[in-house]
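*Asks:* I'm passing along final.txt; it holds compact mmCIF, C-alpha atoms.
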# COMPACT_ATOMS: atom_id res chain seq x y z
CA MET A 1 -24.94 47.13 -26.37
CA LYS A 2 -26.52 47.61 -29.80
CA VAL A 3 -24.85 50.14 -32.09
CA LEU A 4 -26.42 52.02 -34.98
CA GLY A 5 -24.00 53.50 -37.51
CA MET A 6 -24.83 56.35 -39.88
CA GLY A 7 -22.63 57.47 -42.72
CA ASN A 8 -21.88 57.69 -46.40
CA ALA A 9 -22.53 54.34 -48.06
CA LEU A 10 -19.53 54.14 -50.37
CA VAL A 11 -17.78 51.42 -52.31
CA ASP A 12 -14.03 51.86 -51.90
CA ILE A 13 -12.05 51.44 -55.10
CA ILE A 14 -8.61 50.78 -53.66
CA MET A 15 -5.45 51.37 -55.70
CA ARG A 16 -1.79 51.19 -54.70
CA LEU A 17 0.23 54.07 -56.22
CA PRO A 18 3.81 53.56 -57.44
CA ASP A 19 4.70 57.06 -56.15
CA ASP A 20 3.08 60.31 -55.01
CA LYS A 21 3.60 62.16 -58.30
CA LEU A 22 0.19 60.96 -59.45
CA LEU A 23 -1.46 62.73 -56.51
CA LEU A 24 0.07 66.03 -57.64
CA GLU A 25 -0.99 65.38 -61.21
CA LEU A 26 -4.56 64.65 -60.11
CA ASP A 27 -4.59 67.63 -57.70
CA LEU A 28 -5.35 65.44 -54.69
CA PRO A 29 -3.47 66.63 -51.56
CA LYS A 30 -1.86 63.67 -49.86
CA ALA A 31 -3.78 62.26 -46.86
CA SER A 32 -6.84 64.39 -47.61
CA MET A 33 -10.41 63.56 -48.56
CA GLN A 34 -11.56 65.57 -51.56
CA LEU A 35 -15.14 65.51 -52.83
CA ILE A 36 -15.24 65.04 -56.59
CA ASN A 37 -17.98 65.12 -59.24
CA ALA A 38 -18.74 62.45 -61.83
CA GLU A 39 -16.58 64.14 -64.47
CA ARG A 40 -13.52 64.24 -62.21
CA LEU A 41 -14.15 60.65 -61.11
CA ASP A 42 -14.03 59.56 -64.76
CA LYS A 43 -10.79 61.51 -65.26
CA ILE A 44 -9.13 59.88 -62.23
CA GLN A 45 -10.29 56.40 -63.21
CA SER A 46 -9.05 56.89 -66.77
CA ARG A 47 -5.63 58.09 -65.59
CA LEU A 48 -5.26 55.16 -63.18
CA ALA A 49 -6.83 52.52 -65.43
CA ASP A 50 -3.61 50.48 -65.55
CA LEU A 51 -3.44 50.03 -61.78
CA LYS A 52 -4.84 46.98 -60.03
CA THR A 53 -8.04 47.70 -58.09
CA GLU A 54 -9.86 46.09 -55.20
CA LEU A 55 -13.45 46.75 -54.14
CA SER A 56 -14.68 46.99 -50.57
CA SER A 57 -17.80 48.37 -48.95
CA GLY A 58 -16.55 51.52 -47.32
CA GLY A 59 -17.26 54.81 -45.71
CA SER A 60 -15.99 55.58 -42.22
CA ALA A 61 -19.05 54.57 -40.18
CA ALA A 62 -19.60 51.47 -42.33
CA ASN A 63 -16.03 50.34 -41.61
CA THR A 64 -16.66 50.83 -37.89
CA SER A 65 -19.90 48.84 -38.16
CA HIS A 66 -18.03 45.98 -39.83
CA GLY A 67 -15.48 45.93 -37.02
CA LEU A 68 -18.18 45.90 -34.34
CA ALA A 69 -20.12 43.13 -36.08
CA ALA A 70 -16.96 41.00 -36.31
CA LEU A 71 -16.53 41.45 -32.54
CA GLY A 72 -20.06 40.15 -31.97
CA VAL A 73 -21.81 43.48 -31.37
CA GLU A 74 -25.34 43.73 -32.79
CA THR A 75 -25.13 46.48 -35.37
CA GLY A 76 -27.27 48.40 -37.87
CA PHE A 77 -26.31 50.96 -40.50
CA ILE A 78 -28.20 53.91 -41.99
CA GLY A 79 -27.20 55.07 -45.46
CA SER A 80 -28.30 55.78 -49.02
CA ILE A 81 -27.37 53.68 -52.07
CA GLY A 82 -28.22 53.56 -55.76
CA LYS A 83 -30.12 50.81 -57.54
CA ASP A 84 -27.00 49.65 -59.34
CA GLU A 85 -24.10 47.20 -59.17
CA TYR A 86 -22.19 49.15 -56.52
CA GLY A 87 -25.35 49.50 -54.42
CA GLU A 88 -26.00 45.76 -54.62
CA PHE A 89 -22.38 45.06 -53.68
CA PHE A 90 -22.60 47.35 -50.65
CA GLN A 91 -25.86 45.88 -49.33
CA ARG A 92 -24.78 42.27 -49.91
CA ASP A 93 -21.53 42.87 -48.03
CA MET A 94 -23.42 44.38 -45.09
CA GLU A 95 -25.93 41.54 -44.89
CA GLU A 96 -23.24 38.87 -45.15
CA LYS A 97 -21.47 40.39 -42.13
CA GLY A 98 -24.66 40.43 -40.04
CA ILE A 99 -25.19 44.21 -40.18
CA LYS A 100 -28.81 45.33 -40.49
CA PRO A 101 -29.07 47.62 -43.54
CA ILE A 102 -31.38 50.63 -43.22
CA PHE A 103 -31.20 52.24 -46.66
CA ASN A 104 -32.72 54.94 -48.76
CA TYR A 105 -32.71 53.63 -52.35
CA SER A 106 -31.95 56.28 -54.96
CA ASP A 107 -32.06 56.46 -58.75
CA SER A 108 -28.68 58.22 -58.63
CA PRO A 109 -25.43 56.22 -59.01
CA SER A 110 -24.10 54.74 -55.78
CA GLY A 111 -21.26 56.61 -54.12
CA CYS A 112 -17.67 55.46 -54.39
CA ALA A 113 -14.31 56.52 -53.05
CA MET A 114 -11.06 56.29 -54.94
CA ALA A 115 -8.76 55.18 -52.13
CA LEU A 116 -5.21 55.87 -53.37
CA VAL A 117 -2.51 54.26 -51.24
CA SER A 118 0.96 55.84 -51.29
CA PRO A 119 4.17 53.78 -50.94
CA ASP A 120 4.42 54.89 -47.28
CA SER A 121 0.93 53.42 -46.64
CA GLU A 122 -0.79 56.81 -46.32
CA ARG A 123 -4.10 57.01 -48.15
CA THR A 124 -5.77 59.79 -50.11
CA PHE A 125 -9.43 59.82 -51.05
CA GLY A 126 -11.22 61.26 -54.06
CA THR A 127 -14.85 60.71 -53.09
CA PHE A 128 -17.86 60.77 -55.38
CA LEU A 129 -20.84 60.83 -53.05
CA GLY A 130 -23.56 60.11 -55.61
CA ALA A 131 -26.57 58.49 -53.92
CA ALA A 132 -24.81 58.58 -50.53
CA MET A 133 -25.37 62.33 -50.27
CA GLU A 134 -29.13 61.88 -50.68
CA LEU A 135 -29.56 60.65 -47.12
CA ALA A 136 -31.86 63.38 -45.84
CA PRO A 137 -33.56 64.46 -42.60
CA GLU A 138 -36.89 62.97 -43.74
CA HIS A 139 -35.25 59.52 -43.79
CA ILE A 140 -34.45 59.77 -40.06
CA THR A 141 -37.44 58.82 -37.90
CA PRO A 142 -37.75 58.07 -34.17
CA GLY A 143 -38.44 54.38 -34.82
CA LEU A 144 -34.95 53.84 -36.26
CA PHE A 145 -33.41 54.25 -32.81
CA GLU A 146 -35.61 51.77 -30.95
CA GLY A 147 -33.58 49.02 -29.31
CA TYR A 148 -30.20 50.69 -29.89
CA ASP A 149 -27.86 52.04 -27.23
CA LEU A 150 -25.41 54.13 -29.25
CA LEU A 151 -25.47 56.09 -32.50
CA HIS A 152 -22.09 56.32 -34.24
CA ILE A 153 -21.81 59.03 -36.90
CA GLU A 154 -18.97 59.74 -39.29
CA GLY A 155 -17.79 63.31 -39.55
CA TYR A 156 -18.06 63.38 -43.33
CA LEU A 157 -21.82 63.80 -42.87
CA VAL A 158 -21.56 67.00 -40.86
CA GLN A 159 -21.74 69.13 -43.98
CA ASN A 160 -25.43 68.20 -44.02
CA HIS A 161 -26.30 70.20 -40.91
CA ARG A 162 -30.04 69.49 -40.92
CA LEU A 163 -29.48 65.74 -41.18
CA ILE A 164 -27.00 65.66 -38.29
CA GLU A 165 -29.11 67.92 -36.08
CA LYS A 166 -32.17 65.73 -36.50
CA ALA A 167 -30.28 62.47 -35.99
CA VAL A 168 -28.51 63.53 -32.81
CA ARG A 169 -31.66 65.11 -31.37
CA LEU A 170 -33.74 61.98 -31.96
CA ALA A 171 -30.95 59.77 -30.66
CA ARG A 172 -30.70 61.83 -27.48
CA ASP A 173 -34.47 61.79 -27.03
CA ALA A 174 -34.38 57.98 -27.37
CA GLY A 175 -31.71 57.74 -24.66
CA LEU A 176 -28.79 56.77 -26.90
CA GLU A 177 -25.21 57.80 -26.47
CA VAL A 178 -23.90 59.64 -29.55
CA SER A 179 -20.43 58.96 -30.90
CA LEU A 180 -18.85 61.17 -33.59
CA ASP A 181 -15.67 60.53 -35.55
CA LEU A 182 -14.42 63.88 -36.88
CA ALA A 183 -13.13 62.04 -39.97
CA SER A 184 -11.11 64.71 -41.83
CA TYR A 185 -9.29 67.91 -40.88
CA ASN A 186 -10.59 69.80 -43.92
CA VAL A 187 -14.20 68.90 -43.07
CA VAL A 188 -13.58 70.10 -39.50
CA GLU A 189 -12.14 73.40 -40.73
CA GLU A 190 -15.19 74.06 -42.90
CA ASN A 191 -17.72 73.20 -40.17
CA ARG A 192 -15.99 74.16 -36.94
CA ASP A 193 -18.74 76.33 -35.42
CA PHE A 194 -21.44 73.78 -36.23
CA LEU A 195 -19.33 70.98 -34.79
CA GLU A 196 -18.72 72.86 -31.57
CA GLY A 197 -22.47 73.17 -31.01
CA ILE A 198 -23.11 69.51 -31.77
CA LEU A 199 -20.26 68.34 -29.54
CA THR A 200 -21.38 70.51 -26.66
CA ASN A 201 -25.10 69.72 -26.82
CA TYR A 202 -25.46 66.17 -28.14
CA VAL A 203 -22.27 64.15 -28.60
CA THR A 204 -21.02 62.01 -25.69
CA ILE A 205 -17.97 60.43 -27.39
CA VAL A 206 -15.67 62.12 -29.93
CA PHE A 207 -12.83 60.56 -31.92
CA ALA A 208 -10.22 62.76 -33.60
CA ASN A 209 -6.75 62.34 -35.01
CA GLU A 210 -4.02 64.91 -34.36
CA GLU A 211 -4.85 67.06 -37.39
CA GLU A 212 -8.61 66.99 -36.76
CA ALA A 213 -8.13 67.86 -33.09
CA LYS A 214 -5.94 70.81 -34.03
CA ALA A 215 -8.43 71.99 -36.67
CA MET A 216 -11.16 71.84 -34.03
CA THR A 217 -9.31 73.47 -31.12
CA GLY A 218 -6.20 75.10 -32.58
CA LYS A 219 -4.11 73.15 -30.06
CA GLU A 220 -1.66 70.26 -29.88
CA PRO A 221 -2.95 66.79 -28.87
CA GLU A 222 -2.93 66.90 -25.06
CA SER A 223 -4.37 70.40 -24.86
CA ALA A 224 -6.85 69.60 -27.62
CA LEU A 225 -7.91 66.50 -25.67
CA ALA A 226 -8.79 68.64 -22.66
CA ASP A 227 -10.89 70.99 -24.79
CA LEU A 228 -12.75 68.14 -26.48
CA HIS A 229 -13.32 66.48 -23.11
CA ARG A 230 -14.91 69.65 -21.76
CA MET A 231 -17.25 69.72 -24.75
CA CYS A 232 -18.59 66.18 -24.69
CA GLY A 233 -17.27 64.08 -21.82
CA LYS A 234 -15.44 61.25 -23.59
CA ALA A 235 -12.63 62.39 -25.89
CA ILE A 236 -10.09 60.37 -27.85
CA VAL A 237 -7.21 61.91 -29.80
CA LYS A 238 -5.19 59.54 -31.98
CA ILE A 239 -1.58 60.52 -32.71
CA GLY A 240 -0.46 57.91 -35.24
CA LYS A 241 2.64 55.96 -34.27
CA GLU A 242 2.60 57.67 -30.87
CA GLY A 243 -0.66 55.97 -29.92
CA SER A 244 -3.69 57.77 -28.52
CA TRP A 245 -4.85 59.95 -25.64
CA ILE A 246 -8.14 59.30 -23.85
CA GLN A 247 -10.02 61.37 -21.31
CA THR A 248 -13.43 60.59 -19.84
CA ASP A 249 -14.27 61.10 -16.15
CA HIS A 250 -10.70 60.47 -15.06
CA GLU A 251 -7.22 61.80 -15.71
CA PRO A 252 -5.94 61.58 -19.31
CA VAL A 253 -4.64 58.15 -20.30
CA HIS A 254 -2.02 57.48 -22.97
CA VAL A 255 -2.19 54.20 -24.89
CA GLU A 256 0.60 52.96 -27.14
CA VAL A 257 0.17 51.33 -30.54
CA ILE A 258 0.79 47.62 -30.99
CA SER A 259 3.83 46.37 -32.89
CA THR A 260 2.94 46.08 -36.55
CA THR A 261 4.22 46.34 -40.11
CA PRO A 262 2.03 48.87 -41.97
CA VAL A 263 0.92 48.09 -45.49
CA ASP A 264 -2.06 50.44 -45.85
CA THR A 265 -3.46 52.83 -43.23
CA SER A 266 -6.96 52.75 -44.72
CA GLY A 267 -9.56 52.12 -42.03
CA ALA A 268 -7.19 52.51 -39.07
CA GLY A 269 -9.22 55.24 -37.38
CA ASP A 270 -12.52 53.53 -38.16
CA LEU A 271 -11.37 50.24 -36.65
CA TYR A 272 -9.90 52.02 -33.63
CA ALA A 273 -13.40 53.40 -33.00
CA ALA A 274 -14.85 49.89 -33.31
CA GLY A 275 -12.42 48.52 -30.74
CA PHE A 276 -12.99 51.41 -28.36
CA ILE A 277 -16.80 51.15 -28.56
CA TYR A 278 -16.57 47.38 -28.09
CA GLY A 279 -14.57 48.06 -24.94
CA LEU A 280 -17.29 50.38 -23.68
CA SER A 281 -19.88 47.67 -24.31
CA ARG A 282 -17.84 45.31 -22.14
CA GLY A 283 -17.33 47.75 -19.30
CA PHE A 284 -13.61 48.17 -20.00
CA SER A 285 -11.54 50.89 -18.36
CA ASP A 286 -10.40 53.87 -20.45
CA ARG A 287 -7.01 52.22 -20.96
CA GLN A 288 -8.53 48.89 -21.97
CA CYS A 289 -10.87 50.61 -24.45
CA GLY A 290 -7.89 52.37 -26.01
CA GLN A 291 -5.90 49.15 -26.11
CA ALA A 292 -8.77 47.36 -27.87
CA GLY A 293 -8.87 50.22 -30.37
CA SER A 294 -5.11 49.97 -30.88
CA VAL A 295 -5.36 46.23 -31.55
CA LEU A 296 -7.93 46.68 -34.31
CA ALA A 297 -6.13 49.69 -35.81
CA GLY A 298 -2.81 47.88 -35.72
CA LYS A 299 -4.18 44.76 -37.37
CA VAL A 300 -6.10 46.48 -40.19
CA ILE A 301 -3.01 48.39 -41.39
CA GLU A 302 -1.15 45.12 -41.91
CA PHE A 303 -3.38 44.45 -44.92
CA PHE A 304 -4.47 46.22 -48.08
CA GLY A 305 -7.89 47.83 -47.66
CA PRO A 306 -10.04 49.05 -44.73
CA LYS A 307 -11.08 45.64 -43.38
CA ILE A 308 -9.38 43.03 -41.23
CA PRO A 309 -9.39 39.71 -43.15
CA LEU A 310 -11.71 37.07 -41.69
CA PRO A 311 -8.92 34.59 -40.75
CA VAL A 312 -7.20 37.28 -38.63
CA TRP A 313 -10.18 37.91 -36.34
CA GLY A 314 -9.34 34.91 -34.16
CA GLU A 315 -6.00 36.54 -33.33
CA VAL A 316 -7.72 39.89 -32.73
CA LEU A 317 -10.20 38.38 -30.28
CA ALA A 318 -7.43 36.56 -28.44
CA LEU A 319 -5.51 39.81 -28.00
CA ILE A 320 -8.62 41.59 -26.70
CA LYS A 321 -9.31 38.76 -24.22
CA ARG A 322 -5.78 39.23 -22.93
CA ILE A 323 -6.46 42.95 -22.45
CA GLU A 324 -9.66 42.17 -20.57
CA LYS A 325 -7.76 40.00 -18.09
CA ILE A 326 -4.90 42.40 -17.41
CA ASP A 327 -6.49 45.59 -15.97
Could you express the structure from this file as structure tokens?
*Replies:*
Amino acid sequence: MKVLGMGNALVDIIMRLPDDKLLLELDLPKASMQLINAERLDKIQSRLADLKTELSSGGSAANTSHGLAALGVETGFIGSIGKDEYGEFFQRDMEEKGIKPIFNYSDSPSGCAMALVSPDSERTFGTFLGAAMELAPEHITPGLFEGYDLLHIEGYLVQNHRLIEKAVRLARDAGLEVSLDLASYNVVEENRDFLEGILTNYVTIVFANEEEAKAMTGKEPESALADLHRMCGKAIVKIGKEGSWIQTDHEPVHVEVISTTPVDTSGAGDLYAAGFIYGLSRGFSDRQCGQAGSVLAGKVIEFFGPKIPLPVWGEVLALIKRIEKID
């Protein structure tokens, strides 16, 4: 299976907060993703200038692409970056990981996300989209989908309705499966009617956490799972420490999390999607796909940032091989 990701090309600026008071001061609701302009970005960076920062190529679909590439899946990524230092960093990181970059190059500053990590490991994003938001329908052409089997889209893009509609239509016409990660409950709330149409008519796999599933259906996880399954066929609802629920052509399956010590939850959902899609590429059962997702999600939260460190991937692959042998 070859997977094509599409999402906001962002450089994550990761900071560990001493407490949550700073989130209130900066008017950033905990665990949310808030879009911010350049002026507010400068204000946040100035207020947090004394905190240690780490840089990582980010964005939900990009994180999933990194996970898939590390698992040996041939992967490409569609996005938009600026002709600046952050843009160069993002592209270099993609290429070094074996991900084919398919970029629109903009004169605007590259997008970045202030990823603020609370003491309890929850993360809050203040996102400046910059050049990332300039990915447009005219950049999506039929030839981009040739040779790929699945298009994975992050939900943060759904606010650009024309872009999403064109991408999913061309992907369907090219015979690809379409996977969508709902990404954020507030984005779902603002685009619920549009999302329902896309899920019903184009998407074949949907990933949601508990809050996103409730925003989409108004229901609790198991009931929400059934609704999402009726819309698109393969539905996954993640419920944090309680694991995840999966429903495809069979009865719902519950998968537990792996034992872990959380440090930072950044990237957990994105890496879960990578593990699940990898499982699909290997012909895994629903339970095995969920278990592979749980392995990646559990390992990424043991470290600061949205990526699993390179030395840890040997352990990850060994755990997935064990899953493959069990079912």
*Asks:* From the list A:Ala132, A:Leu35, A:Val11, A:Leu41, which residue is nearest Met94 (chain A) when using only C-alpha atoms?
*Replies:*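 That would be A:Val11, the residue with the smallest distance to Met94 (chain A).
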*Asks:* Write out as a ChimeraX atom specification the residues lying within 10 Å of Gly197 (chain A), counting only C-alpha atoms and excluding same-chain residues fewer than 6 positions away.
*Replies:* /A:165,203,231
*Asks:* Please produce a file of those selected residues containing C-alpha atoms, as a PDB file, in the frame of the given file.
*Replies:*
ATOM      1  CA  GLU A 165     -29.110  67.920 -36.080  1.00  0.00           C
ATOM      2  CA  VAL A 203     -22.270  64.150 -28.600  1.00  0.00           C
ATOM      3  CA  MET A 231     -17.250  69.720 -24.750  1.00  0.00           C
TER       4      MET A 231
END
*Asks:* My list of candidates is A:Ala235, A:Ser281, A:Lys241, A:Phe128. Which is closest to Glu39 (chain A) when distances are computed with only C-alpha atoms?
*Replies:*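 Of A:Ala235, A:Ser281, A:Lys241, A:Phe128, the one nearest Glu39 (chain A) is A:Phe128, counting only C-alpha atoms.
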*Asks:* Would you give the centre and edge lengths, in Å to one decimal, of a box along x, y and z around the listed atoms of region 121-135 of chain A, with 8 Å added to each side, as AutoDock Vina command-line options?
*Replies:*
--center_x -14.3 --center_y 57.9 --center_z -51.0 --size_x 46.5 --size_y 24.9 --size_z 25.3
*Asks:* If I take CA of Leu51 (chain A) and CA of Gly269 (chain A), how far is one from the other in Å, to one decimal?
*Replies:*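 Here the two named atoms are 25.6 Å from each other.
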*Asks:* Could you check which of A:Leu310, A:Met6, A:Ile246, A:Leu26 is closest to Thr124 (chain A), using only C-alpha atoms?
*Replies:* A:Leu26
*Asks:* Have a look at A:Glu96, A:Asp286, A:Glu146, A:Asp19 and name the one nearest to Asp249 (chain A); count only C-alpha atoms.
*Replies:*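 Of the candidates, the smallest distance to Asp249 (chain A) is held by A:Asp286.
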*Asks:* Which residue is closest to Leu163 (chain A)? Choose from A:Pro29, A:Pro137, A:Gly314, A:Gly143 and count all atoms listed in the file.
*Replies:*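 Checking each of A:Pro29, A:Pro137, A:Gly314, A:Gly143 against Leu163 (chain A), counting all atoms listed in the file, the winner is A:Pro137.
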*Asks:* Kindly give the distance, in Å, that separates CA of Val178 (chain A) and CA of Ser223 (chain A), rounded to a single decimal.
*Replies:*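 These two atoms are separated by 22.8 Å.
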*Asks:* Could you tell me, as a list in words, which residues have any atom at most 8 Å from (-32.9, 61.6, -37.6), counting only C-alpha atoms?
*Replies:*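 Here the neighbourhood of the point contains Pro137, Glu138, His139, Ile140, Thr141, Pro142, Leu163, Ile164, Glu165, Lys166, Ala167, Val168, Arg169, Leu170 and Ala171 of chain A.
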*Asks:* Residues at most 7 Å from region 207-213 of chain A, counting all atoms listed in the file, excluding those fewer than 6 positions away in the same chain, as a VMD selection string?
*Replies:* chain A and resid 180 to 182 184 to 185 188 221 224 235 to 239
*Asks:* Could you state the separation of CA of Asn191 (chain A) and CA of Met33 (chain A) in Å, given to one decimal place?
*Replies:*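 Separation between CA of Asn191 (chain A) and CA of Met33 (chain A): 14.7 Å.
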*Asks:* Quick one: residues within 12 Å of Asp50 (chain A), all atoms listed in the file, excluding same-chain residues fewer than 4 positions away - as a ChimeraX atom specification?
*Replies:* /A:15-18,44-46
